[in-house]
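Report on one structure; see the data block that follows.
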2 protein chains.
Amino acid sequence: MSFKWLESPLHPVSTSHQEQALARQGQLTKPPGSLGRLEQLAVQLAALQGTDQPGVDPVRIVVFAADHGIVEEGVSAFPQAVTVEMVKNFSRGGAAISVLARSLGARLEVVNVGTAGEVGELQGVINQPVAQGTRSFLTQSAMDEAQLGSALAAGRDAVARGVKEGMRLFIGGDMGIGNTTAATAVACALLGLDATELAGPGTGLDEKGVAHKAEIMKQALSHHQAALNTPLDILQHVGGFEIAALAGAYIHAAQQGVPSLVDGFIATSAALAAVKLKPELADWLLLAHASAEPGHRRMVEAMGQAPLLDLGMRLGEGSGAAVAVNLLRSAVDLHNNMATFAEAGVSEGD
Amino acid sequence: MSFKWLESPLHPVSTSHQEQALARQGQLTKPPGSLGRLEQLAVQLAALQGTDQPGVDPVRIVVFAADHGIVEEGVSAFPQAVTVEMVKNFSRGGAAISVLARSLGARLEVVNVGTAGEVGELQGVINQPVAQGTRSFLTQSAMDEAQLGSALAAGRDAVARGVKEGMRLFIGGDMGIGNTTAATAVACALLGLDATELAGPGTGLDEKGVAHKAEIMKQALSHHQAALNTPLDILQHVGGFEIAALAGAYIHAAQQGVPSLVDGFIATSAALAAVKLKPELADWLLLAHASAEPGHRRMVEAMGQAPLLDLGMRLGEGSGAAVAVNLLRSAVDLHNNMATFAEAGVSEGD
């Protein structure tokens with residue numbers, strides 16, 4: 001499995017479209033700047049998409065599902081079987097992301113990148129498993145280098161399918177019991193922070209459970225310390241298949257000129273790893289929401305941008321990003337369809 | 001003009017539907033609480049609407065437009081003619097709220113409750129003027145008692161039209177050059193704060209302009225002080241026709257069992273006045289967004305709830321509330337359409 005594709009440059013950002021979009025915002029019938037971040041979003045999308053008519057549709061949501069060996073250390077409030085059960089729930093349309101995707105009219109694709117149990121043939125689910133879950137990273141690397149390559153490539157492949165169908169905005173989601181432990185370990189290693197600073201309840205651990213989870217991560221990070229030299233090393237040793245797939249997806253989306261709307265805790269850990277690998281990727285990532293998982297704030301600070309929403313969500317699946325899609329739609333609708341002062345015959349201000 | 005209708009009680013809130021909705025949230029296939037405020041919104045709407053299938057559609061947006069005598073004191077960055085020009089822009093579909101309403105599939109109605117210039121017959125615009133703008137409240141009361149009654153009733157009438165067409169969510173918007181000055185004066189009087197604490201740039205005053213605006217309000221509030229005993233006194237002496245209409249609309253919507261999604265600075269001043277008049281109204285009001293107009297924060301604190309969005313918007317017209325509608329739609333879609341653990345065969349947590 002080659003990592004060579006990661007080195008391809010990102011799509012160029014159009015400064016001319018950025019300037020045109022900024023100028024247009026100044027001519028729309030509203031006090032300058034009064035649409036706040038909606039103006040900035042429209043300008044950013046115009047620059048990234050290289051167009052004077054930015055848009056987010058078709059938007060595509062891909063949920064990557066995988067299991068985590070680390071759950072044998074008792075780090076999750078839910079049993080591992082839930083990963084496969086939820087993949088089935090995605091497929092049947094009963095999960096949060098299924099409901100949101102339907103309301104948005106967005107294509108939802110689920111990619112099994114390595115569940116412990118069998119998923120089988122399911123509507124809307126692609127089986128591209130790297131292995132039946134990662135190894136427990138307490139004393140082993142979560143995956144070997146070839147597996148990391150396969151997981152990154154699964155993200156790339158999902159984006160390539162979306163690009164073929166004209167996708168203008170990419171959302172990546174995650175499903176994997178135990179994945180806040182992996183994502184937290186990745187974030188700690190990327191940011192040089194202690195596990196106790198970032199550990200949180202995930203799907204619902206109590207205080208004692210969080211302390212145990214932090215202790216497990218602490219031991220694991222200490223065990224792997226010498227090997228954690230690059231973002232790819234970190235994904236390999238303490239990450240997860242769905243986290244690596246998300247990182248690969250964000251990179252390939254930007255290579256293809258498609259912006260990504262980044263979901264919460266798990267997705268942001270993947271985005272942070274990808275940005276550490278390719279810093280110019282930061283321009284292509286919009287942070288959808290502030291997760292209630294406490295460690296998210298530290299990752300967001302490191303990304304240097306404010307999330308669009310802060311609704312206390314902590315579900316994953318891409319759900320926070322899905323809820324934020326309509327903010328982007330509003331931003332581009334206003335940009336593309338409002339009248340200018342001249343068109344409307346409205347007097348301008350001082 | 002009688003004020004008697006204001007005394008009619010608000011529609012009862014259904015605690016049984018609230019409890020049912022809470023129980024359902026605990027059974028949906030997600031960790032408990034992981035949808036954050038979206039869960040609370042669904043439960044609140046179920047309780048207010050007295051249903052196990054809460055919904056926001058049809059949503060109706062009513063923009064109340066009026067002018068303000070106080071602009072002769074040089075408190076706005078835009079000329080007064082803009083109020084009527086923008087009413088025309090609303091009607092022709094070029095304004096921000098026009099674009100947003102179209103995207104939402106929401107009915108947009110504009111009510112002229114007292115512009116200085118002539119509006120004429122326009123598509124989607126109802127002429128129900130109280131007068132050709134308020135008087136300058138620097139040394140006179142903005143309106144007399146009969147005018148206050150007419151303005152409140154214009155809000156009530158707009159809600160009554162909506163109820164007739166099955167409205168399930170009400171959004172009130174404002175248009176009126178100079179209306180941040182009136183709204184700020186109203187808020188200062190309601191909260192007992194000094195004008196310098198709340199004055200902001202409105203449509204775009206510079207620092208010197210804001211200081212002048214604060215000074216004008218200070219003088220006006222001092223002039224009227226002895227008369228500002230009740231919320232209705234305050235609306236009459238330093239308010240505006242569109243502000244009073246919004247207050248009347250929020251009250252009548254709650255009397256009719258319809259929740260309101262409250263826009264930013266101007267709308268919140270009206271909501272605050274209405275809540276001071278009828279404290280039980282607070283249950284029926286959802287604050288859509290945190291306005292960038294600096295005084296908004298103080299009003300929000302007094303309302304005791306956190307706005308849903310914080311996007312740096314400060315446009316008025318109901319635009320912030322319109323942008324927030326899809327959050328409510330997501331909340332009720334998830335509540336109504338997600339599978340339960342039992343339905344999906346998903347294992348529950350600890």
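Identifiers in the structure tokens: chain A, B, ... in order shown; residue index from 1 per chain; ligand index from 1 in order shown.
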- prompt: Where in stretch 41-120 of chain A does DSSP assign alpha helix (DSSP H), given as a PyMOL selection string?
  reply: chain A and resi 41-49+81-92+96-104
Include N, CA and C atoms and write out the residues we just selected as a compact mmCIF listing (two decimals), in the first residue's frame.
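The resulting file, again-v3.txt, is shown below:
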# COMPACT_ATOMS: atom_id res chain seq x y z
N LEU A 41 -18.27 32.82 5.25
CA LEU A 41 -18.43 31.47 4.70
C LEU A 41 -18.62 31.51 3.20
N ALA A 42 -19.47 32.44 2.74
CA ALA A 42 -19.73 32.54 1.30
C ALA A 42 -18.45 32.90 0.56
N VAL A 43 -17.69 33.82 1.11
CA VAL A 43 -16.44 34.25 0.47
C VAL A 43 -15.44 33.08 0.45
N GLN A 44 -15.35 32.36 1.56
CA GLN A 44 -14.42 31.23 1.63
C GLN A 44 -14.80 30.14 0.63
N LEU A 45 -16.10 29.84 0.55
CA LEU A 45 -16.53 28.80 -0.40
C LEU A 45 -16.29 29.24 -1.84
N ALA A 46 -16.51 30.53 -2.13
CA ALA A 46 -16.25 31.04 -3.48
C ALA A 46 -14.78 30.86 -3.84
N ALA A 47 -13.91 31.15 -2.87
CA ALA A 47 -12.47 31.02 -3.11
C ALA A 47 -12.07 29.56 -3.29
N LEU A 48 -12.59 28.69 -2.44
CA LEU A 48 -12.21 27.27 -2.50
C LEU A 48 -12.76 26.61 -3.75
N GLN A 49 -14.00 26.95 -4.10
CA GLN A 49 -14.64 26.31 -5.25
C GLN A 49 -14.29 27.02 -6.56
N ALA A 81 -20.48 -4.63 20.32
CA ALA A 81 -21.47 -5.07 19.34
C ALA A 81 -22.24 -3.90 18.74
N VAL A 82 -22.28 -2.79 19.47
CA VAL A 82 -23.06 -1.64 19.02
C VAL A 82 -22.54 -1.07 17.69
N THR A 83 -21.26 -1.22 17.43
CA THR A 83 -20.73 -0.68 16.16
C THR A 83 -21.46 -1.29 14.97
N VAL A 84 -21.52 -2.60 14.93
CA VAL A 84 -22.22 -3.28 13.82
C VAL A 84 -23.73 -3.01 13.89
N GLU A 85 -24.27 -3.04 15.09
CA GLU A 85 -25.72 -2.77 15.23
C GLU A 85 -26.07 -1.39 14.68
N MET A 86 -25.18 -0.42 14.92
CA MET A 86 -25.46 0.93 14.42
C MET A 86 -25.26 1.02 12.91
N VAL A 87 -24.34 0.26 12.36
CA VAL A 87 -24.20 0.22 10.89
C VAL A 87 -25.51 -0.25 10.28
N LYS A 88 -26.10 -1.25 10.90
CA LYS A 88 -27.41 -1.74 10.41
C LYS A 88 -28.48 -0.66 10.57
N ASN A 89 -28.42 0.05 11.67
CA ASN A 89 -29.37 1.15 11.92
C ASN A 89 -29.19 2.28 10.89
N PHE A 90 -27.93 2.58 10.53
CA PHE A 90 -27.68 3.57 9.46
C PHE A 90 -28.36 3.11 8.18
N SER A 91 -28.14 1.85 7.87
CA SER A 91 -28.63 1.31 6.61
C SER A 91 -30.16 1.32 6.55
N ARG A 92 -30.78 1.04 7.69
CA ARG A 92 -32.26 1.01 7.72
C ARG A 92 -32.87 2.39 7.90
N ALA A 96 -29.49 8.88 13.85
CA ALA A 96 -29.54 10.34 13.73
C ALA A 96 -29.03 10.79 12.36
N ILE A 97 -27.89 10.25 11.93
CA ILE A 97 -27.32 10.73 10.66
C ILE A 97 -28.21 10.32 9.49
N SER A 98 -28.92 9.21 9.63
CA SER A 98 -29.84 8.79 8.56
C SER A 98 -30.97 9.81 8.42
N VAL A 99 -31.53 10.19 9.56
CA VAL A 99 -32.63 11.16 9.57
C VAL A 99 -32.16 12.50 9.02
N LEU A 100 -30.99 12.94 9.46
CA LEU A 100 -30.48 14.25 9.02
C LEU A 100 -30.16 14.24 7.53
N ALA A 101 -29.55 13.16 7.06
CA ALA A 101 -29.20 13.09 5.64
C ALA A 101 -30.46 13.13 4.78
N ARG A 102 -31.48 12.43 5.23
CA ARG A 102 -32.75 12.41 4.50
C ARG A 102 -33.33 13.81 4.43
N SER A 103 -33.35 14.51 5.56
CA SER A 103 -33.90 15.88 5.57
C SER A 103 -33.10 16.81 4.68
N LEU A 104 -31.80 16.60 4.65
CA LEU A 104 -30.95 17.46 3.83
C LEU A 104 -31.02 17.12 2.35
message: Taking only C-alpha atoms into account, find every residue of chain A that has an atom no more than 8 Å from chain B, and write it out as a PyMOL selection string.
response: chain A and resi 29-38+77-79+81-82+85-86+89+93-96+99-100+103+203-204+308-315+323+326-327+330+333-334+337-340+344-350
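Distances here use only C-alpha atoms; by that measure, the residue among A:Ala183, A:Leu152, A:Val258, A:Leu287 closest to A:Glu301 is A:Leu287.
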When you look at stretch 272-284 of chain B with a cut-off of 9 Å (counting only C-alpha atoms), what residues show up, excluding the ones that are within fewer than 2 positions of it in the same chain? I need them as a PDB file with N, CA, C and O atoms, in the first residue's frame.
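The resulting result_5.pdb:
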ATOM      1  N   LEU B   6     -54.624  42.007  25.896  1.00  0.00           N
ATOM      2  CA  LEU B   6     -53.322  41.619  26.461  1.00  0.00           C
ATOM      3  C   LEU B   6     -53.481  40.793  27.732  1.00  0.00           C
ATOM      4  O   LEU B   6     -52.589  40.030  28.104  1.00  0.00           O
ATOM      5  N   GLU B   7     -54.631  40.969  28.387  1.00  0.00           N
ATOM      6  CA  GLU B   7     -54.830  40.275  29.665  1.00  0.00           C
ATOM      7  C   GLU B   7     -55.294  38.829  29.512  1.00  0.00           C
ATOM      8  O   GLU B   7     -55.288  38.074  30.492  1.00  0.00           O
ATOM      9  N   LEU B  10     -52.198  33.045  28.542  1.00  0.00           N
ATOM     10  CA  LEU B  10     -51.472  32.304  27.517  1.00  0.00           C
ATOM     11  C   LEU B  10     -52.017  30.877  27.453  1.00  0.00           C
ATOM     12  O   LEU B  10     -52.636  30.387  28.393  1.00  0.00           O
ATOM     13  N   VAL B  13     -49.235  25.049  28.829  1.00  0.00           N
ATOM     14  CA  VAL B  13     -48.122  24.210  28.380  1.00  0.00           C
ATOM     15  C   VAL B  13     -48.394  22.788  28.852  1.00  0.00           C
ATOM     16  O   VAL B  13     -48.796  22.577  29.995  1.00  0.00           O
ATOM     17  N   GLN B  44     -39.183  20.853  24.370  1.00  0.00           N
ATOM     18  CA  GLN B  44     -39.879  22.125  24.616  1.00  0.00           C
ATOM     19  C   GLN B  44     -41.003  22.341  23.603  1.00  0.00           C
ATOM     20  O   GLN B  44     -42.125  22.729  23.975  1.00  0.00           O
ATOM     21  N   LEU B  45     -40.720  22.051  22.344  1.00  0.00           N
ATOM     22  CA  LEU B  45     -41.754  22.237  21.321  1.00  0.00           C
ATOM     23  C   LEU B  45     -42.912  21.254  21.528  1.00  0.00           C
ATOM     24  O   LEU B  45     -44.078  21.611  21.346  1.00  0.00           O
ATOM     25  N   LEU B  48     -44.969  22.786  24.333  1.00  0.00           N
ATOM     26  CA  LEU B  48     -45.686  24.006  23.941  1.00  0.00           C
ATOM     27  C   LEU B  48     -46.804  23.685  22.965  1.00  0.00           C
ATOM     28  O   LEU B  48     -47.907  24.241  23.052  1.00  0.00           O
ATOM     29  N   VAL B 186     -35.491  51.330  25.079  1.00  0.00           N
ATOM     30  CA  VAL B 186     -36.457  50.421  25.720  1.00  0.00           C
ATOM     31  C   VAL B 186     -35.731  49.476  26.686  1.00  0.00           C
ATOM     32  O   VAL B 186     -36.133  49.306  27.846  1.00  0.00           O
ATOM     33  N   ALA B 187     -34.630  48.882  26.207  1.00  0.00           N
ATOM     34  CA  ALA B 187     -33.889  47.924  27.045  1.00  0.00           C
ATOM     35  C   ALA B 187     -33.317  48.611  28.280  1.00  0.00           C
ATOM     36  O   ALA B 187     -33.374  48.068  29.390  1.00  0.00           O
ATOM     37  N   LEU B 190     -36.158  49.165  30.667  1.00  0.00           N
ATOM     38  CA  LEU B 190     -36.657  47.909  31.248  1.00  0.00           C
ATOM     39  C   LEU B 190     -35.684  47.334  32.274  1.00  0.00           C
ATOM     40  O   LEU B 190     -36.087  46.754  33.279  1.00  0.00           O
ATOM     41  N   THR B 230     -44.150  51.308  33.628  1.00  0.00           N
ATOM     42  CA  THR B 230     -44.529  49.948  33.233  1.00  0.00           C
ATOM     43  C   THR B 230     -43.920  49.651  31.861  1.00  0.00           C
ATOM     44  O   THR B 230     -43.522  50.577  31.140  1.00  0.00           O
ATOM     45  N   PRO B 231     -43.882  48.374  31.468  1.00  0.00           N
ATOM     46  CA  PRO B 231     -43.386  48.048  30.122  1.00  0.00           C
ATOM     47  C   PRO B 231     -44.166  48.788  29.029  1.00  0.00           C
ATOM     48  O   PRO B 231     -43.581  49.212  28.030  1.00  0.00           O
ATOM     49  N   LEU B 232     -45.478  48.945  29.219  1.00  0.00           N
ATOM     50  CA  LEU B 232     -46.262  49.667  28.204  1.00  0.00           C
ATOM     51  C   LEU B 232     -45.880  51.145  28.173  1.00  0.00           C
ATOM     52  O   LEU B 232     -45.773  51.746  27.094  1.00  0.00           O
ATOM     53  N   ILE B 234     -43.002  52.312  28.779  1.00  0.00           N
ATOM     54  CA  ILE B 234     -41.683  52.368  28.142  1.00  0.00           C
ATOM     55  C   ILE B 234     -41.820  52.262  26.629  1.00  0.00           C
ATOM     56  O   ILE B 234     -41.223  53.036  25.874  1.00  0.00           O
ATOM     57  N   LEU B 235     -42.635  51.310  26.167  1.00  0.00           N
ATOM     58  CA  LEU B 235     -42.856  51.175  24.718  1.00  0.00           C
ATOM     59  C   LEU B 235     -43.446  52.464  24.156  1.00  0.00           C
ATOM     60  O   LEU B 235     -43.098  52.894  23.049  1.00  0.00           O
ATOM     61  N   ALA B 244     -43.367  47.736  19.318  1.00  0.00           N
ATOM     62  CA  ALA B 244     -44.631  47.447  20.005  1.00  0.00           C
ATOM     63  C   ALA B 244     -45.404  46.347  19.273  1.00  0.00           C
ATOM     64  O   ALA B 244     -46.000  45.464  19.903  1.00  0.00           O
ATOM     65  N   LEU B 246     -44.162  43.906  17.531  1.00  0.00           N
ATOM     66  CA  LEU B 246     -43.504  42.630  17.847  1.00  0.00           C
ATOM     67  C   LEU B 246     -43.915  42.142  19.233  1.00  0.00           C
ATOM     68  O   LEU B 246     -44.207  40.959  19.422  1.00  0.00           O
ATOM     69  N   ALA B 247     -43.951  43.060  20.205  1.00  0.00           N
ATOM     70  CA  ALA B 247     -44.353  42.674  21.566  1.00  0.00           C
ATOM     71  C   ALA B 247     -45.777  42.110  21.551  1.00  0.00           C
ATOM     72  O   ALA B 247     -46.056  41.062  22.150  1.00  0.00           O
ATOM     73  N   GLY B 248     -46.678  42.802  20.845  1.00  0.00           N
ATOM     74  CA  GLY B 248     -48.057  42.322  20.742  1.00  0.00           C
ATOM     75  C   GLY B 248     -48.133  40.973  20.050  1.00  0.00           C
ATOM     76  O   GLY B 248     -48.912  40.095  20.441  1.00  0.00           O
ATOM     77  N   TYR B 250     -45.775  38.556  19.929  1.00  0.00           N
ATOM     78  CA  TYR B 250     -45.280  37.464  20.786  1.00  0.00           C
ATOM     79  C   TYR B 250     -46.355  37.054  21.804  1.00  0.00           C
ATOM     80  O   TYR B 250     -46.546  35.873  22.080  1.00  0.00           O
ATOM     81  N   ILE B 251     -47.020  38.064  22.359  1.00  0.00           N
ATOM     82  CA  ILE B 251     -48.048  37.756  23.366  1.00  0.00           C
ATOM     83  C   ILE B 251     -49.206  36.999  22.721  1.00  0.00           C
ATOM     84  O   ILE B 251     -49.658  35.969  23.226  1.00  0.00           O
ATOM     85  N   ALA B 253     -49.240  35.234  19.962  1.00  0.00           N
ATOM     86  CA  ALA B 253     -48.825  33.893  19.527  1.00  0.00           C
ATOM     87  C   ALA B 253     -48.918  32.921  20.703  1.00  0.00           C
ATOM     88  O   ALA B 253     -49.458  31.810  20.559  1.00  0.00           O
ATOM     89  N   ALA B 254     -48.433  33.332  21.857  1.00  0.00           N
ATOM     90  CA  ALA B 254     -48.484  32.451  23.039  1.00  0.00           C
ATOM     91  C   ALA B 254     -49.927  32.244  23.503  1.00  0.00           C
ATOM     92  O   ALA B 254     -50.286  31.161  23.971  1.00  0.00           O
ATOM     93  N   GLY B 257     -51.122  29.505  21.472  1.00  0.00           N
ATOM     94  CA  GLY B 257     -50.397  28.236  21.550  1.00  0.00           C
ATOM     95  C   GLY B 257     -49.318  28.069  20.499  1.00  0.00           C
ATOM     96  O   GLY B 257     -48.940  26.946  20.160  1.00  0.00           O
ATOM     97  N   VAL B 258     -48.802  29.186  19.992  1.00  0.00           N
ATOM     98  CA  VAL B 258     -47.763  29.126  18.960  1.00  0.00           C
ATOM     99  C   VAL B 258     -46.452  29.677  19.522  1.00  0.00           C
ATOM    100  O   VAL B 258     -46.395  30.834  19.931  1.00  0.00           O
ATOM    101  N   PRO B 259     -45.387  28.870  19.532  1.00  0.00           N
ATOM    102  CA  PRO B 259     -44.091  29.380  19.991  1.00  0.00           C
ATOM    103  C   PRO B 259     -43.487  30.369  18.989  1.00  0.00           C
ATOM    104  O   PRO B 259     -43.778  30.311  17.794  1.00  0.00           O
ATOM    105  N   SER B 260     -42.656  31.267  19.504  1.00  0.00           N
ATOM    106  CA  SER B 260     -41.978  32.244  18.653  1.00  0.00           C
ATOM    107  C   SER B 260     -40.474  32.031  18.706  1.00  0.00           C
ATOM    108  O   SER B 260     -39.917  31.737  19.765  1.00  0.00           O
ATOM    109  N   LEU B 261     -39.850  32.193  17.549  1.00  0.00           N
ATOM    110  CA  LEU B 261     -38.388  32.166  17.463  1.00  0.00           C
ATOM    111  C   LEU B 261     -37.951  33.630  17.351  1.00  0.00           C
ATOM    112  O   LEU B 261     -38.243  34.294  16.356  1.00  0.00           O
ATOM    113  N   ALA B 267     -35.856  42.667  18.020  1.00  0.00           N
ATOM    114  CA  ALA B 267     -36.877  41.688  18.407  1.00  0.00           C
ATOM    115  C   ALA B 267     -36.746  41.327  19.881  1.00  0.00           C
ATOM    116  O   ALA B 267     -37.755  41.166  20.581  1.00  0.00           O
ATOM    117  N   THR B 268     -35.518  41.213  20.360  1.00  0.00           N
ATOM    118  CA  THR B 268     -35.325  40.832  21.762  1.00  0.00           C
ATOM    119  C   THR B 268     -35.772  41.953  22.702  1.00  0.00           C
ATOM    120  O   THR B 268     -36.288  41.686  23.791  1.00  0.00           O
ATOM    121  N   SER B 269     -35.593  43.213  22.281  1.00  0.00           N
ATOM    122  CA  SER B 269     -36.089  44.315  23.129  1.00  0.00           C
ATOM    123  C   SER B 269     -37.608  44.225  23.255  1.00  0.00           C
ATOM    124  O   SER B 269     -38.174  44.450  24.334  1.00  0.00           O
ATOM    125  N   ALA B 270     -38.263  43.888  22.155  1.00  0.00           N
ATOM    126  CA  ALA B 270     -39.718  43.727  22.187  1.00  0.00           C
ATOM    127  C   ALA B 270     -40.112  42.527  23.039  1.00  0.00           C
ATOM    128  O   ALA B 270     -41.059  42.587  23.829  1.00  0.00           O
ATOM    129  N   LEU B 286     -38.101  31.331  21.990  1.00  0.00           N
ATOM    130  CA  LEU B 286     -36.786  30.734  21.772  1.00  0.00           C
ATOM    131  C   LEU B 286     -35.890  31.820  21.195  1.00  0.00           C
ATOM    132  O   LEU B 286     -36.236  32.430  20.180  1.00  0.00           O
ATOM    133  N   MET B 299     -29.611  41.981  27.361  1.00  0.00           N
ATOM    134  CA  MET B 299     -31.021  41.576  27.257  1.00  0.00           C
ATOM    135  C   MET B 299     -31.157  40.059  27.355  1.00  0.00           C
ATOM    136  O   MET B 299     -32.064  39.547  28.003  1.00  0.00           O
ATOM    137  N   VAL B 300     -30.233  39.351  26.701  1.00  0.00           N
ATOM    138  CA  VAL B 300     -30.268  37.889  26.717  1.00  0.00           C
ATOM    139  C   VAL B 300     -30.102  37.378  28.141  1.00  0.00           C
ATOM    140  O   VAL B 300     -30.809  36.463  28.581  1.00  0.00           O
ATOM    141  N   ALA B 302     -30.953  38.875  30.802  1.00  0.00           N
ATOM    142  CA  ALA B 302     -32.191  39.137  31.533  1.00  0.00           C
ATOM    143  C   ALA B 302     -33.285  38.134  31.157  1.00  0.00           C
ATOM    144  O   ALA B 302     -34.172  37.844  31.962  1.00  0.00           O
ATOM    145  N   MET B 303     -33.219  37.611  29.927  1.00  0.00           N
ATOM    146  CA  MET B 303     -34.205  36.616  29.498  1.00  0.00           C
ATOM    147  C   MET B 303     -33.865  35.238  30.072  1.00  0.00           C
ATOM    148  O   MET B 303     -34.693  34.322  30.033  1.00  0.00           O
ATOM    149  N   GLY B 304     -32.644  35.055  30.530  1.00  0.00           N
ATOM    150  CA  GLY B 304     -32.270  33.813  31.192  1.00  0.00           C
ATOM    151  C   GLY B 304     -32.157  32.608  30.285  1.00  0.00           C
ATOM    152  O   GLY B 304     -32.340  31.477  30.720  1.00  0.00           O
TER     153      GLY B 304
END
- request: Check the smallest atom-to-atom distance from each of A:Cys188, A:Ala321, A:Ala249, A:Ala220 to A:Val59 using only C-alpha atoms, then report the winner.
  value: A:Ala321
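The two atoms in question, atom CA of A:Val62 and atom CA of A:Asn127, are spaced 12.8 Å apart.
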